[in-house]
>>> print(open('upload00.pdb').read())   # PDB, N, CA and C atoms
ATOM      1  N   MET E   1     -28.165 -83.498 -88.325
ATOM      2  CA  MET E   1     -27.953 -82.175 -88.882
ATOM      3  C   MET E   1     -28.378 -81.083 -87.885
ATOM      4  N   HIS E   2     -29.527 -81.285 -87.234
ATOM      5  CA  HIS E   2     -30.024 -80.296 -86.282
ATOM      6  C   HIS E   2     -29.063 -80.112 -85.103
ATOM      7  N   ARG E   3     -28.539 -81.217 -84.614
ATOM      8  CA  ARG E   3     -27.598 -81.133 -83.491
ATOM      9  C   ARG E   3     -26.339 -80.367 -83.892
ATOM     10  N   LEU E   4     -25.889 -80.582 -85.120
ATOM     11  CA  LEU E   4     -24.703 -79.883 -85.611
ATOM     12  C   LEU E   4     -24.957 -78.378 -85.696
ATOM     13  N   VAL E   5     -26.120 -78.001 -86.213
ATOM     14  CA  VAL E   5     -26.471 -76.579 -86.303
ATOM     15  C   VAL E   5     -26.529 -75.965 -84.902
ATOM     16  N   ALA E   6     -27.143 -76.665 -83.966
ATOM     17  CA  ALA E   6     -27.233 -76.156 -82.588
ATOM     18  C   ALA E   6     -25.841 -76.012 -81.984
ATOM     19  N   PHE E   7     -24.989 -76.998 -82.199
ATOM     20  CA  PHE E   7     -23.640 -76.957 -81.635
ATOM     21  C   PHE E   7     -22.791 -75.848 -82.262
ATOM     22  N   VAL E   8     -22.819 -75.736 -83.573
ATOM     23  CA  VAL E   8     -22.040 -74.697 -84.255
ATOM     24  C   VAL E   8     -22.538 -73.311 -83.842
ATOM     25  N   SER E   9     -23.846 -73.155 -83.695
ATOM     26  CA  SER E   9     -24.402 -71.876 -83.242
ATOM     27  C   SER E   9     -23.936 -71.549 -81.829
ATOM     28  N   LEU E  10     -23.922 -72.537 -80.956
ATOM     29  CA  LEU E  10     -23.453 -72.351 -79.584
ATOM     30  C   LEU E  10     -21.989 -71.918 -79.571
ATOM     31  N   VAL E  11     -21.148 -72.611 -80.314
ATOM     32  CA  VAL E  11     -19.721 -72.287 -80.353
ATOM     33  C   VAL E  11     -19.509 -70.896 -80.948
ATOM     34  N   ALA E  12     -20.215 -70.582 -82.030
ATOM     35  CA  ALA E  12     -20.090 -69.258 -82.645
ATOM     36  C   ALA E  12     -20.505 -68.167 -81.654
ATOM     37  N   HIS E  13     -21.563 -68.414 -80.908
ATOM     38  CA  HIS E  13     -22.015 -67.467 -79.888
ATOM     39  C   HIS E  13     -20.947 -67.252 -78.818
ATOM     40  N   LEU E  14     -20.376 -68.341 -78.325
ATOM     41  CA  LEU E  14     -19.351 -68.240 -77.283
ATOM     42  C   LEU E  14     -18.131 -67.466 -77.785
ATOM     43  N   VAL E  15     -17.694 -67.746 -79.006
ATOM     44  CA  VAL E  15     -16.556 -67.035 -79.583
ATOM     45  C   VAL E  15     -16.890 -65.559 -79.757
ATOM     46  N   PHE E  16     -18.088 -65.276 -80.247
ATOM     47  CA  PHE E  16     -18.485 -63.885 -80.451
ATOM     48  C   PHE E  16     -18.532 -63.123 -79.135
ATOM     49  N   VAL E  17     -19.140 -63.714 -78.113
ATOM     50  CA  VAL E  17     -19.234 -63.055 -76.812
ATOM     51  C   VAL E  17     -17.833 -62.816 -76.242
ATOM     52  N   ALA E  18     -16.963 -63.806 -76.328
ATOM     53  CA  ALA E  18     -15.592 -63.641 -75.829
ATOM     54  C   ALA E  18     -14.875 -62.525 -76.580
ATOM     55  N   PHE E  19     -15.037 -62.476 -77.899
ATOM     56  CA  PHE E  19     -14.388 -61.426 -78.690
ATOM     57  C   PHE E  19     -14.974 -60.059 -78.370
ATOM     58  N   ALA E  20     -16.283 -59.988 -78.187
ATOM     59  CA  ALA E  20     -16.927 -58.714 -77.873
ATOM     60  C   ALA E  20     -16.436 -58.168 -76.534
ATOM     61  N   ILE E  21     -16.136 -59.051 -75.598
ATOM     62  CA  ILE E  21     -15.675 -58.621 -74.281
ATOM     63  C   ILE E  21     -14.167 -58.376 -74.267
ATOM     64  N   LEU E  22     -13.402 -59.266 -74.864
ATOM     65  CA  LEU E  22     -11.945 -59.225 -74.730
ATOM     66  C   LEU E  22     -11.206 -58.743 -75.972
ATOM     67  N   GLY E  23     -11.924 -58.484 -77.045
ATOM     68  CA  GLY E  23     -11.278 -58.092 -78.302
ATOM     69  C   GLY E  23     -10.472 -56.811 -78.217
ATOM     70  N   GLY E  24     -10.843 -55.907 -77.329
ATOM     71  CA  GLY E  24     -10.066 -54.685 -77.151
ATOM     72  C   GLY E  24      -8.668 -54.975 -76.646
ATOM     73  N   PHE E  25      -8.542 -55.979 -75.783
ATOM     74  CA  PHE E  25      -7.219 -56.376 -75.304
ATOM     75  C   PHE E  25      -6.439 -57.079 -76.417
ATOM     76  N   LEU E  26      -7.131 -57.848 -77.240
ATOM     77  CA  LEU E  26      -6.490 -58.478 -78.398
ATOM     78  C   LEU E  26      -5.935 -57.408 -79.341
ATOM     79  N   ALA E  27      -6.635 -56.291 -79.451
ATOM     80  CA  ALA E  27      -6.185 -55.192 -80.321
ATOM     81  C   ALA E  27      -4.887 -54.570 -79.822
ATOM     82  N   TRP E  28      -4.554 -54.747 -78.560
ATOM     83  CA  TRP E  28      -3.263 -54.262 -78.056
ATOM     84  C   TRP E  28      -2.128 -54.979 -78.784
ATOM     85  N   LEU E  29      -2.347 -56.250 -79.103
ATOM     86  CA  LEU E  29      -1.327 -57.052 -79.793
ATOM     87  C   LEU E  29      -1.488 -57.018 -81.304
ATOM     88  N   MET E  30      -2.735 -56.963 -81.744
ATOM     89  CA  MET E  30      -3.039 -56.959 -83.179
ATOM     90  C   MET E  30      -3.986 -55.803 -83.475
ATOM     91  N   PRO E  31      -3.442 -54.630 -83.797
ATOM     92  CA  PRO E  31      -4.272 -53.436 -83.983
ATOM     93  C   PRO E  31      -5.394 -53.589 -85.010
ATOM     94  N   TRP E  32      -5.234 -54.460 -85.989
ATOM     95  CA  TRP E  32      -6.279 -54.661 -86.995
ATOM     96  C   TRP E  32      -7.562 -55.219 -86.375
ATOM     97  N   ALA E  33      -7.478 -55.799 -85.184
ATOM     98  CA  ALA E  33      -8.657 -56.383 -84.530
ATOM     99  C   ALA E  33      -9.568 -55.324 -83.915
ATOM    100  N   LEU E  34      -9.105 -54.064 -83.853
ATOM    101  CA  LEU E  34      -9.904 -53.038 -83.182
ATOM    102  C   LEU E  34     -11.234 -52.782 -83.891
ATOM    103  N   LEU E  35     -11.218 -52.603 -85.193
ATOM    104  CA  LEU E  35     -12.468 -52.295 -85.904
ATOM    105  C   LEU E  35     -13.497 -53.424 -85.760
ATOM    106  N   PRO E  36     -13.130 -54.683 -86.019
ATOM    107  CA  PRO E  36     -14.128 -55.746 -85.792
ATOM    108  C   PRO E  36     -14.594 -55.809 -84.332
ATOM    109  N   HIS E  37     -13.675 -55.513 -83.405
ATOM    110  CA  HIS E  37     -14.062 -55.530 -81.998
ATOM    111  C   HIS E  37     -15.081 -54.423 -81.695
ATOM    112  N   VAL E  38     -14.843 -53.222 -82.205
ATOM    113  CA  VAL E  38     -15.785 -52.125 -81.969
ATOM    114  C   VAL E  38     -17.163 -52.491 -82.513
ATOM    115  N   VAL E  39     -17.198 -53.070 -83.706
ATOM    116  CA  VAL E  39     -18.477 -53.483 -84.296
ATOM    117  C   VAL E  39     -19.148 -54.539 -83.413
ATOM    118  N   SER E  40     -18.388 -55.526 -82.960
ATOM    119  CA  SER E  40     -18.978 -56.579 -82.118
ATOM    120  C   SER E  40     -19.420 -56.021 -80.765
ATOM    121  N   ALA E  41     -18.665 -55.081 -80.219
ATOM    122  CA  ALA E  41     -19.044 -54.474 -78.938
ATOM    123  C   ALA E  41     -20.326 -53.662 -79.080
ATOM    124  N   LEU E  42     -20.450 -52.912 -80.178
ATOM    125  CA  LEU E  42     -21.674 -52.139 -80.402
ATOM    126  C   LEU E  42     -22.878 -53.054 -80.605
ATOM    127  N   TRP E  43     -22.686 -54.120 -81.374
ATOM    128  CA  TRP E  43     -23.772 -55.101 -81.574
ATOM    129  C   TRP E  43     -24.171 -55.702 -80.222
ATOM    130  N   SER E  44     -23.196 -56.059 -79.421
ATOM    131  CA  SER E  44     -23.471 -56.662 -78.114
ATOM    132  C   SER E  44     -24.184 -55.689 -77.186
ATOM    133  N   ALA E  45     -23.784 -54.421 -77.222
ATOM    134  CA  ALA E  45     -24.463 -53.409 -76.400
ATOM    135  C   ALA E  45     -25.922 -53.282 -76.822
ATOM    136  N   ARG E  46     -26.154 -53.281 -78.113
ATOM    137  CA  ARG E  46     -27.528 -53.231 -78.634
ATOM    138  C   ARG E  46     -28.333 -54.426 -78.124
ATOM    139  N   MET E  47     -27.724 -55.602 -78.177
ATOM    140  CA  MET E  47     -28.425 -56.809 -77.741
ATOM    141  C   MET E  47     -28.698 -56.772 -76.231
ATOM    142  N   ALA E  48     -27.751 -56.239 -75.460
ATOM    143  CA  ALA E  48     -27.912 -56.179 -74.002
ATOM    144  C   ALA E  48     -28.995 -55.192 -73.590
ATOM    145  N   VAL E  49     -29.094 -54.090 -74.306
ATOM    146  CA  VAL E  49     -30.055 -53.055 -73.932
ATOM    147  C   VAL E  49     -31.458 -53.406 -74.407
ATOM    148  N   TRP E  50     -31.596 -53.756 -75.678
ATOM    149  CA  TRP E  50     -32.930 -53.971 -76.239
ATOM    150  C   TRP E  50     -33.331 -55.436 -76.353
ATOM    151  N   ARG E  51     -32.378 -56.338 -76.235
ATOM    152  CA  ARG E  51     -32.622 -57.785 -76.322
ATOM    153  C   ARG E  51     -33.495 -58.213 -77.508
ATOM    154  N   PRO E  52     -33.136 -57.772 -78.713
ATOM    155  CA  PRO E  52     -33.882 -58.249 -79.883
ATOM    156  C   PRO E  52     -33.497 -59.701 -80.184
ATOM    157  N   ALA E  53     -34.217 -60.317 -81.088
ATOM    158  CA  ALA E  53     -33.901 -61.692 -81.468
ATOM    159  C   ALA E  53     -32.562 -61.714 -82.211
ATOM    160  N   CYS E  54     -31.698 -62.619 -81.822
ATOM    161  CA  CYS E  54     -30.369 -62.750 -82.422
ATOM    162  C   CYS E  54     -30.396 -63.842 -83.494
ATOM    163  N   PRO E  55     -29.751 -63.610 -84.627
ATOM    164  CA  PRO E  55     -29.713 -64.644 -85.668
ATOM    165  C   PRO E  55     -29.081 -65.952 -85.191
ATOM    166  N   LEU E  56     -28.057 -65.867 -84.353
ATOM    167  CA  LEU E  56     -27.442 -67.101 -83.848
ATOM    168  C   LEU E  56     -28.378 -67.833 -82.888
ATOM    169  N   SER E  57     -29.151 -67.098 -82.107
ATOM    170  CA  SER E  57     -30.132 -67.741 -81.224
ATOM    171  C   SER E  57     -31.219 -68.431 -82.046
ATOM    172  N   ARG E  58     -31.639 -67.786 -83.109
ATOM    173  CA  ARG E  58     -32.644 -68.413 -83.984
ATOM    174  C   ARG E  58     -32.112 -69.711 -84.577
ATOM    175  N   ALA E  59     -30.863 -69.675 -85.045
ATOM    176  CA  ALA E  59     -30.262 -70.887 -85.620
ATOM    177  C   ALA E  59     -30.135 -71.982 -84.558
ATOM    178  N   GLU E  60     -29.687 -71.602 -83.362
ATOM    179  CA  GLU E  60     -29.556 -72.599 -82.302
ATOM    180  C   GLU E  60     -30.919 -73.170 -81.912
ATOM    181  N   ASN E  61     -31.925 -72.327 -81.815
ATOM    182  CA  ASN E  61     -33.269 -72.820 -81.481
ATOM    183  C   ASN E  61     -33.803 -73.758 -82.556
ATOM    184  N   TRP E  62     -33.512 -73.463 -83.811
ATOM    185  CA  TRP E  62     -33.933 -74.361 -84.898
ATOM    186  C   TRP E  62     -33.272 -75.730 -84.714
ATOM    187  N   GLY E  63     -31.977 -75.719 -84.441
ATOM    188  CA  GLY E  63     -31.267 -76.974 -84.231
ATOM    189  C   GLY E  63     -31.736 -77.708 -82.994
ATOM    190  N   ARG E  64     -31.982 -76.971 -81.928
ATOM    191  CA  ARG E  64     -32.469 -77.594 -80.692
ATOM    192  C   ARG E  64     -33.848 -78.206 -80.910
ATOM    193  N   ALA E  65     -34.717 -77.478 -81.581
ATOM    194  CA  ALA E  65     -36.073 -78.002 -81.832
ATOM    195  C   ALA E  65     -36.023 -79.263 -82.689
ATOM    196  N   GLY E  66     -35.197 -79.239 -83.708
ATOM    197  CA  GLY E  66     -35.089 -80.394 -84.603
ATOM    198  C   GLY E  66     -34.488 -81.614 -83.947
ATOM    199  N   SER E  67     -33.734 -81.405 -82.874
ATOM    200  CA  SER E  67     -33.123 -82.538 -82.172
ATOM    201  C   SER E  67     -33.873 -82.877 -80.881
ATOM    202  N   GLY E  68     -35.057 -82.280 -80.704
ATOM    203  CA  GLY E  68     -35.903 -82.622 -79.566
ATOM    204  C   GLY E  68     -35.517 -81.959 -78.256
ATOM    205  N   ARG E  69     -34.735 -80.896 -78.315
ATOM    206  CA  ARG E  69     -34.329 -80.189 -77.097
ATOM    207  C   ARG E  69     -35.155 -78.928 -76.929
ATOM    208  N   PRO E  70     -35.321 -78.460 -75.699
ATOM    209  CA  PRO E  70     -36.098 -77.242 -75.483
ATOM    210  C   PRO E  70     -35.365 -76.016 -76.027
ATOM    211  N   PRO E  71     -36.093 -74.958 -76.343
ATOM    212  CA  PRO E  71     -35.450 -73.748 -76.865
ATOM    213  C   PRO E  71     -34.650 -73.026 -75.779
ATOM    214  N   LEU E  72     -33.854 -72.075 -76.236
ATOM    215  CA  LEU E  72     -33.126 -71.210 -75.312
ATOM    216  C   LEU E  72     -34.114 -70.423 -74.458
ATOM    217  N   HIS E  73     -33.632 -69.882 -73.358
ATOM    218  CA  HIS E  73     -34.428 -68.998 -72.514
ATOM    219  C   HIS E  73     -35.046 -67.916 -73.402
ATOM    220  N   HIS E  74     -36.251 -67.476 -73.085
ATOM    221  CA  HIS E  74     -36.944 -66.506 -73.941
ATOM    222  C   HIS E  74     -36.196 -65.177 -74.064
ATOM    223  N   GLU E  75     -35.265 -64.885 -73.140
ATOM    224  CA  GLU E  75     -34.482 -63.653 -73.234
ATOM    225  C   GLU E  75     -33.166 -63.856 -73.965
ATOM    226  N   GLY E  76     -32.902 -65.062 -74.453
ATOM    227  CA  GLY E  76     -31.752 -65.277 -75.316
ATOM    228  C   GLY E  76     -30.598 -66.067 -74.729
ATOM    229  N   PHE E  77     -29.515 -66.051 -75.478
ATOM    230  CA  PHE E  77     -28.317 -66.840 -75.215
ATOM    231  C   PHE E  77     -27.692 -66.552 -73.848
ATOM    232  N   ILE E  78     -27.455 -65.283 -73.552
ATOM    233  CA  ILE E  78     -26.810 -64.917 -72.292
ATOM    234  C   ILE E  78     -27.680 -65.363 -71.113
ATOM    235  N   ALA E  79     -28.976 -65.095 -71.192
ATOM    236  CA  ALA E  79     -29.882 -65.500 -70.118
ATOM    237  C   ALA E  79     -29.895 -67.025 -69.963
ATOM    238  N   HIS E  80     -29.798 -67.743 -71.063
ATOM    239  CA  HIS E  80     -29.865 -69.201 -71.018
ATOM    240  C   HIS E  80     -28.604 -69.824 -70.425
ATOM    241  N   TYR E  81     -27.442 -69.383 -70.906
ATOM    242  CA  TYR E  81     -26.199 -70.049 -70.530
ATOM    243  C   TYR E  81     -25.446 -69.406 -69.364
ATOM    244  N   PHE E  82     -25.654 -68.127 -69.098
ATOM    245  CA  PHE E  82     -24.849 -67.440 -68.094
ATOM    246  C   PHE E  82     -25.642 -67.021 -66.858
ATOM    247  N   GLU E  83     -26.777 -66.344 -67.068
ATOM    248  CA  GLU E  83     -27.558 -65.859 -65.925
ATOM    249  C   GLU E  83     -28.094 -67.037 -65.127
ATOM    250  N   GLY E  84     -27.868 -66.987 -63.847
ATOM    251  CA  GLY E  84     -28.314 -68.067 -62.978
ATOM    252  C   GLY E  84     -27.339 -69.225 -62.905
ATOM    253  N   ARG E  85     -26.313 -69.194 -63.752
ATOM    254  CA  ARG E  85     -25.286 -70.241 -63.726
ATOM    255  C   ARG E  85     -23.934 -69.669 -63.323
ATOM    256  N   LEU E  86     -23.499 -68.629 -63.999
ATOM    257  CA  LEU E  86     -22.235 -67.972 -63.651
ATOM    258  C   LEU E  86     -22.434 -66.867 -62.632
ATOM    259  N   TYR E  87     -23.602 -66.285 -62.640
ATOM    260  CA  TYR E  87     -23.946 -65.221 -61.701
ATOM    261  C   TYR E  87     -25.463 -65.216 -61.529
ATOM    262  N   PRO E  88     -25.946 -64.701 -60.398
ATOM    263  CA  PRO E  88     -27.397 -64.681 -60.177
ATOM    264  C   PRO E  88     -28.098 -63.804 -61.219
ATOM    265  N   SER E  89     -29.281 -64.201 -61.618
ATOM    266  CA  SER E  89     -30.053 -63.430 -62.602
ATOM    267  C   SER E  89     -30.281 -61.996 -62.150
ATOM    268  N   SER E  90     -30.394 -61.790 -60.853
ATOM    269  CA  SER E  90     -30.621 -60.436 -60.335
ATOM    270  C   SER E  90     -29.410 -59.523 -60.553
ATOM    271  N   TRP E  91     -28.268 -60.080 -60.886
ATOM    272  CA  TRP E  91     -27.060 -59.299 -61.142
ATOM    273  C   TRP E  91     -26.883 -58.946 -62.614
ATOM    274  N   ALA E  92     -27.828 -59.292 -63.459
ATOM    275  CA  ALA E  92     -27.657 -59.152 -64.907
ATOM    276  C   ALA E  92     -27.223 -57.745 -65.313
ATOM    277  N   ARG E  93     -27.897 -56.718 -64.833
ATOM    278  CA  ARG E  93     -27.535 -55.344 -65.217
ATOM    279  C   ARG E  93     -26.175 -54.954 -64.665
ATOM    280  N   ARG E  94     -25.836 -55.432 -63.485
ATOM    281  CA  ARG E  94     -24.508 -55.150 -62.921
ATOM    282  C   ARG E  94     -23.414 -55.773 -63.776
ATOM    283  N   VAL E  95     -23.663 -56.991 -64.213
ATOM    284  CA  VAL E  95     -22.680 -57.675 -65.053
ATOM    285  C   VAL E  95     -22.536 -56.946 -66.388
ATOM    286  N   VAL E  96     -23.637 -56.485 -66.958
ATOM    287  CA  VAL E  96     -23.567 -55.705 -68.199
ATOM    288  C   VAL E  96     -22.713 -54.459 -67.975
ATOM    289  N   GLY E  97     -22.904 -53.778 -66.863
ATOM    290  CA  GLY E  97     -22.099 -52.602 -66.550
ATOM    291  C   GLY E  97     -20.627 -52.939 -66.377
ATOM    292  N   LEU E  98     -20.344 -54.047 -65.705
ATOM    293  CA  LEU E  98     -18.967 -54.481 -65.517
ATOM    294  C   LEU E  98     -18.310 -54.819 -66.857
ATOM    295  N   VAL E  99     -19.033 -55.511 -67.705
ATOM    296  CA  VAL E  99     -18.503 -55.855 -69.028
ATOM    297  C   VAL E  99     -18.265 -54.583 -69.843
ATOM    298  N   ALA E 100     -19.196 -53.638 -69.789
ATOM    299  CA  ALA E 100     -19.022 -52.372 -70.512
ATOM    300  C   ALA E 100     -17.780 -51.644 -70.006
ATOM    301  N   ALA E 101     -17.563 -51.639 -68.705
ATOM    302  CA  ALA E 101     -16.373 -50.994 -68.142
ATOM    303  C   ALA E 101     -15.098 -51.699 -68.599
ATOM    304  N   LEU E 102     -15.142 -53.010 -68.677
ATOM    305  CA  LEU E 102     -13.995 -53.776 -69.151
ATOM    306  C   LEU E 102     -13.673 -53.439 -70.607
ATOM    307  N   VAL E 103     -14.705 -53.365 -71.429
ATOM    308  CA  VAL E 103     -14.513 -53.037 -72.851
ATOM    309  C   VAL E 103     -13.947 -51.628 -72.994
ATOM    310  N   VAL E 104     -14.568 -50.667 -72.332
ATOM    311  CA  VAL E 104     -14.089 -49.282 -72.412
ATOM    312  C   VAL E 104     -12.672 -49.191 -71.839
ATOM    313  N   GLY E 105     -12.390 -49.903 -70.774
ATOM    314  CA  GLY E 105     -11.045 -49.933 -70.206
ATOM    315  C   GLY E 105     -10.014 -50.460 -71.188
ATOM    316  N   SER E 106     -10.402 -51.467 -71.964
ATOM    317  CA  SER E 106      -9.467 -51.988 -72.971
ATOM    318  C   SER E 106      -9.186 -50.940 -74.044
ATOM    319  N   TRP E 107     -10.209 -50.152 -74.389
ATOM    320  CA  TRP E 107     -10.009 -49.091 -75.391
ATOM    321  C   TRP E 107      -9.125 -47.975 -74.828
ATOM    322  N   VAL E 108      -9.351 -47.612 -73.574
ATOM    323  CA  VAL E 108      -8.523 -46.570 -72.940
ATOM    324  C   VAL E 108      -7.078 -47.053 -72.876
ATOM    325  N   GLY E 109      -6.892 -48.300 -72.463
ATOM    326  CA  GLY E 109      -5.546 -48.869 -72.409
ATOM    327  C   GLY E 109      -4.868 -48.849 -73.767
ATOM    328  N   LEU E 110      -5.620 -49.171 -74.803
ATOM    329  CA  LEU E 110      -5.074 -49.130 -76.159
ATOM    330  C   LEU E 110      -4.696 -47.715 -76.554
ATOM    331  N   ALA E 111      -5.525 -46.748 -76.222
ATOM    332  CA  ALA E 111      -5.244 -45.359 -76.563
ATOM    333  C   ALA E 111      -4.021 -44.830 -75.828
ATOM    334  N   LEU E 112      -3.793 -45.309 -74.615
ATOM    335  CA  LEU E 112      -2.663 -44.836 -73.812
ATOM    336  C   LEU E 112      -1.349 -45.531 -74.140
ATOM    337  N   ARG E 113      -1.408 -46.573 -74.914
ATOM    338  CA  ARG E 113      -0.184 -47.336 -75.236
ATOM    339  C   ARG E 113       0.726 -46.563 -76.122
TER     340      ARG E 113
END
>>> encode(input="upload00.pdb", output="C-alpha cells")
Amino acid sequence: MHRLVAFVSLVAHLVFVAFAILGGFLAWLMPWALLPHVVSALWSARMAVWRPACPLSRAENWGRAGSGRPPLHHEGFIAHYFEGRLYPSSWARRVVGLVAALVVGSWVGLALR
C-alpha cells in the first residue's frame, strides 16, 4: 500500500508540474484549460518562491517511509527529482525564471491568437 501511495503521488506530481509549465500551450487548443492552468501556475509560483510543504510531497514521503525508502529532499519534489539531475542545483533560480518566462509566453501567445 505504501509503495502505491508513493508511486501515485510521484505520478500526480509529474503530471501537475507538466501541466503547470505547459498548460498555457494546451489552452491554445482547448481554451477551457486556461483557468485550471492559471491556478496551477500560481500554486507552482508560490511553491517555487516560498517552498512550503506540499500535500503531494507529504503523501509521497508517507509512502516512502512506509516502504523503507528515504524521504524526498528537504526542499521538496523539484529539488529531489530535478535539481542536480536535469540541471545543476546552482541553476535552480535560473530555471524558475525560464519556466516563468515560458508560462507567461504561452499566455501572451494565447492572447495574440
>>> closest_residue(input="upload00.pdb", among="E:His2, E:His13, E:Arg85, E:Arg58", to="Leu72 (chain E)", atoms="only C-alpha atoms")
E:Arg58
>>> closest_residue(input="upload00.pdb", among="E:Pro55, E:Arg94, E:Ala48, E:Ala101", to="Ala79 (chain E)", atoms="only C-alpha atoms")
E:Ala48
>>> resolve_selection(input="upload00.pdb", expression="the PyMOL selection byres ((chain E and resi 22-31) around 8)", output="ChimeraX atom specification")
/E:16-21,32-38,102-110
>>> closest_residue(input="upload00.pdb", among="E:Val39, E:Ala45, E:Ala65, E:Cys54", to="Arg3 (chain E)", atoms="all atoms listed in the file")
E:Ala65
>>> select_by_dssp(input="upload00.pdb", residues="region 33-112 of chain E", states="helix (DSSP H, G or I)", output="PyMOL selection string")
chain E and resi 33-50+55-66+77-81+89-112
>>> atom_distance(input="upload00.pdb", atom1="CA of Val5 (chain E)", atom2="CA of Phe77 (chain E)")
14.9 Å
>>> atom_distance(input="upload00.pdb", atom1="atom N of Ala6 (chain E)", atom2="CA of Gly84 (chain E)")
22.7 Å
>>> atom_distance(input="upload00.pdb", atom1="atom C of Phe82 (chain E)", atom2="atom N of Pro70 (chain E)")
17.4 Å
>>> closest_residue(input="upload00.pdb", among="E:Gly76, E:Val95, E:Trp43, E:Ala111", to="Ser57 (chain E)", atoms="all atoms listed in the file")
E:Gly76
>>> decode(input="upload00.pdb", residues="region 64-77 of chain E", atoms="N, CA and C atoms", output="PDB file, in the first residue's frame")
ATOM      1  N   ARG E  64       6.905   6.553   1.018  1.00  0.00           N
ATOM      2  CA  ARG E  64       8.323   6.177   1.006  1.00  0.00           C
ATOM      3  C   ARG E  64       8.748   5.648   2.371  1.00  0.00           C
ATOM      4  N   ALA E  65       8.330   6.325   3.422  1.00  0.00           N
ATOM      5  CA  ALA E  65       8.700   5.877   4.778  1.00  0.00           C
ATOM      6  C   ALA E  65       8.126   4.494   5.073  1.00  0.00           C
ATOM      7  N   GLY E  66       6.886   4.289   4.696  1.00  0.00           N
ATOM      8  CA  GLY E  66       6.236   3.001   4.949  1.00  0.00           C
ATOM      9  C   GLY E  66       6.828   1.858   4.159  1.00  0.00           C
ATOM     10  N   SER E  67       7.487   2.176   3.051  1.00  0.00           N
ATOM     11  CA  SER E  67       8.101   1.126   2.233  1.00  0.00           C
ATOM     12  C   SER E  67       9.616   1.059   2.440  1.00  0.00           C
ATOM     13  N   GLY E  68      10.112   1.769   3.460  1.00  0.00           N
ATOM     14  CA  GLY E  68      11.525   1.681   3.813  1.00  0.00           C
ATOM     15  C   GLY E  68      12.456   2.513   2.950  1.00  0.00           C
ATOM     16  N   ARG E  69      11.921   3.488   2.237  1.00  0.00           N
ATOM     17  CA  ARG E  69      12.753   4.348   1.389  1.00  0.00           C
ATOM     18  C   ARG E  69      12.989   5.680   2.074  1.00  0.00           C
ATOM     19  N   PRO E  70      14.088   6.351   1.754  1.00  0.00           N
ATOM     20  CA  PRO E  70      14.357   7.645   2.376  1.00  0.00           C
ATOM     21  C   PRO E  70      13.369   8.706   1.891  1.00  0.00           C
ATOM     22  N   PRO E  71      13.164   9.754   2.671  1.00  0.00           N
ATOM     23  CA  PRO E  71      12.233  10.810   2.261  1.00  0.00           C
ATOM     24  C   PRO E  71      12.796  11.631   1.100  1.00  0.00           C
ATOM     25  N   LEU E  72      11.913  12.431   0.526  1.00  0.00           N
ATOM     26  CA  LEU E  72      12.330  13.373  -0.509  1.00  0.00           C
ATOM     27  C   LEU E  72      13.335  14.362   0.070  1.00  0.00           C
ATOM     28  N   HIS E  73      14.061  15.033  -0.800  1.00  0.00           N
ATOM     29  CA  HIS E  73      14.968  16.102  -0.396  1.00  0.00           C
ATOM     30  C   HIS E  73      14.197  17.072   0.500  1.00  0.00           C
ATOM     31  N   HIS E  74      14.856  17.650   1.489  1.00  0.00           N
ATOM     32  CA  HIS E  74      14.161  18.523   2.444  1.00  0.00           C
ATOM     33  C   HIS E  74      13.533  19.752   1.783  1.00  0.00           C
ATOM     34  N   GLU E  75      13.976  20.114   0.567  1.00  0.00           N
ATOM     35  CA  GLU E  75      13.379  21.249  -0.136  1.00  0.00           C
ATOM     36  C   GLU E  75      12.259  20.829  -1.073  1.00  0.00           C
ATOM     37  N   GLY E  76      11.932  19.543  -1.117  1.00  0.00           N
ATOM     38  CA  GLY E  76      10.756  19.102  -1.849  1.00  0.00           C
ATOM     39  C   GLY E  76      11.002  18.328  -3.130  1.00  0.00           C
ATOM     40  N   PHE E  77       9.914  18.139  -3.847  1.00  0.00           N
ATOM     41  CA  PHE E  77       9.848  17.310  -5.046  1.00  0.00           C
ATOM     42  C   PHE E  77      10.809  17.763  -6.147  1.00  0.00           C
TER      43      PHE E  77
END
